[in-house]
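Novice: Pasting a structure below so you can have a look.
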Amino acid sequence: MSTMSSADGAVGRFLDEVEPVVFAFGAAITLLFVGAFSLNPEASYDFVLGIRRWILATFNWFFLLAMLGFVLFLGFVIFGPWGNLKLGDEDPEYSFLSYFAMMYSAGLAAGIVFWGPAEALFHYSTVPPLYGAEAQSSAAMPLAVQYSIFHWSLTQWSCFTVMGLAIGYFVYNYDAPLRVSAVLTPILGADNVDGAIGKLVDILAVFATLGGVATSLGFIGSQFITGLNFQWGIQLGDVGTILVITGMVVIFTISLVLGVDKGIRRLSNFNMVVFSLLMLATLIFGPTFRILELGTQATGGFIGDFFQMSLFTQATATSASKWVNAWTVFYWLWPLAWSPFAGLFIARISRGRSVREVAFAGIGATSLATVPWFAIVGGAGVIMQHTGAANVLGPVSEYGEAVSGYVLFGNLPIVGPLLLFGFLVLVTTFFVTSADSSTLAVSMMTTGGKKEPSALNRIFWAVLQGAVASILMVVGGVNALQSAAIITGAPFAVICVIATLGLIRTFQDDYGSLLLQDETNLWGKSESTGGQAPAANVSSHDDD
């Protein structure tokens, strides 16, 4: 009897806390997409792919400018006086190291681990058109590592950070609901973000999050399946694929139900330890001094050419053949699509932090972890390929980029098998924390902004993500879902721009104007002086 009443209580809490419009439409759009693709995969994929290509061909310049703008804004926040402002009045809930570990694990870390051994090899075999080096030459080596560093460090993290900063500042300082729509507070007011426009933003955020995480779940699952086939000749059918996805869903659901402190925080700290050990072991047991030499030059190239790479549109090429759309612009749209859940999770764990701490952790500390990873792991792969110590490109061309880590770590002397195991564990645990944080974010969005949604709510969204990934992996639709999720990055680029402008306006109101005095007119004559030379004014901020 007590079990029945407990179950009824859990269901009752689940139903009571649900925000019906966001919950229903967010789930319905996702299920409609899966249903349409399952019934007619080819037509659905062509339709989605056509929209994606049009967005990339028409607005690539906007995405490049917007993402660079976010980096510049956050850089100003880190070094300028606005950094002293705080998100709320309470003390931070977590130590800075745990806070950073959760932020890193919730964001792009699974992709960073996945692409670490692979991306530089692609740029080594096909040099980015910004540079004229010959493919697979010595000159291509530092350029390959340089571009992989550029793609995964400062800029990709900037939209997460802007979104998290905006949501957190308006939630903890202006009492906006803990939802993505909180970024509209400067426009609509904290009391009005629950209206139709705010709900539309939250519904789109739910779909983008479900699509993005289900796609990643499919990719990580395919890495296991491909690796089993490549390494040991084990071929899994559809049932095996579903079992792999189900196992991963069970793992991250358990962590999710344990909560942020017991689940996500502890797993994130574990991730960073394994991440550091794997990177250090690759440096020690790989071609150490050549890695350091190559990584130093690649990092210097990244710093020196940052603005050129950031604004390279490949304007003279036809849109269908633009390398920059397939790589850089695509890479910017992917985190933009993820920015709702990553930003909401960052806001959830940032209460009590200064604006400067959030901005530095978001693009500074994450880059300090990411740059060495690509310099060491990516550099090791390029060096081993160039010197003939290992043939990584051969298996990659046959099996796909998922096998690059197997080949790289398997060819390191002495500790190769151990590092290979650590690599698989790390990809899995980083994905688990990303899935945890994204599911928590969806639960918060679909409950009107509850900080601690019910366990049943979290389990529902976790199971839905696993079901979507399983269905699309079996029918071959993971790439279609990826394209659909990428498309949602376009409107969130606009929302991130709105969030940035809203923060600038609010920081000026809360701290004071930094560039121009408050009495400055941008055009026309001063009303107070009728066009005559004004008497000396003393700004109210001069007494601060």
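Chain labels follow the order of the structure tokens: the first chain is A, the next B, and so on; residue numbering restarts at 1 in every chain, and ligands are counted from 1 in their shown order.
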Can you pull out every residue within 12 Å of Ala315 of chain A, counting only C-alpha atoms, but drop anything in the same chain fewer than 5 positions away, and send it as a PyMOL selection string?
Specialist: chain A and resi 57-58+60-61+129-130+320-325
Novice: Take the residues from that selection and put them in a file with C-alpha atoms, as a CSV table (one decimal), in the first residue's frame.
Specialist:
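Produced file part_5.csv, reproduced below:
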```csv
chain,number,residue,atom,x,y,z
A,57,ALA,CA,25.5,29.4,-47.6
A,58,THR,CA,23.5,32.5,-46.7
A,60,ASN,CA,28.0,32.0,-42.7
A,61,TRP,CA,29.3,35.6,-42.3
A,129,PRO,CA,42.3,26.7,-47.9
A,130,LEU,CA,43.4,29.7,-45.8
A,320,ALA,CA,28.6,24.2,-52.5
A,321,SER,CA,32.4,23.7,-52.2
A,322,LYS,CA,33.2,25.9,-49.2
A,323,TRP,CA,35.5,24.2,-46.8
A,324,VAL,CA,34.8,26.9,-44.2
A,325,ASN,CA,31.1,26.0,-44.2
```
Novice: Counting only C-alpha atoms, give me one row per residue of segment 367-433 of chain A with an atom at most 12 Å from an atom of segment 439-451 of chain A, showing the shortest contact pair and its distance in Å to one decimal, sorted by chain then residue number, as a Markdown table.
Specialist:
```
| residue | atom | partner | partner_atom | distance |
| --- | --- | --- | --- | --- |
| A:Phe431 | CA | A:Thr439 | CA | 12.0 |
| A:Val432 | CA | A:Thr439 | CA | 10.4 |
| A:Thr433 | CA | A:Thr439 | CA | 9.8 |
```
Novice: Can you list, as a ChimeraX atom specification, all residues belonging to segment 240-481 of chain A that DSSP tags as alpha helix (DSSP H)?
Specialist: /A:240-259,266-285,288-304,306-310,323-324,330-349,355-359,366-373,379-387,393-399,404-410,416-445,455-475,478-481
Novice: Rank A:Ile112, A:Ile346, A:Leu258, A:Ala106 by their smallest atom-to-atom distance to Glu452 of chain A, using only C-alpha atoms, and report the top residue only.
Specialist: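 Using only C-alpha atoms, the shortest distance to Glu452 of chain A belongs to A:Leu258.
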Novice: What's around Ser44 of chain A at 8 Å? Count only C-alpha atoms, leave out sequence neighbours fewer than 6 positions away in its own chain, and write the answer as a list in words.
Specialist: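 In the requested format, the answer is Ala36, Phe37 and Ala480 of chain A.
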Novice: Given the choices A:Pro81, A:Gly35, A:Pro186, A:Pro128, which gets closest to Met309 of chain A if the distance is worked out from only C-alpha atoms?
Specialist: A:Pro128
Novice: Measuring between only C-alpha atoms, which one of A:Val213, A:Val193, A:Val355, A:Ile254 shows the shortest distance to Asn173 of chain A?
Specialist: A:Val355
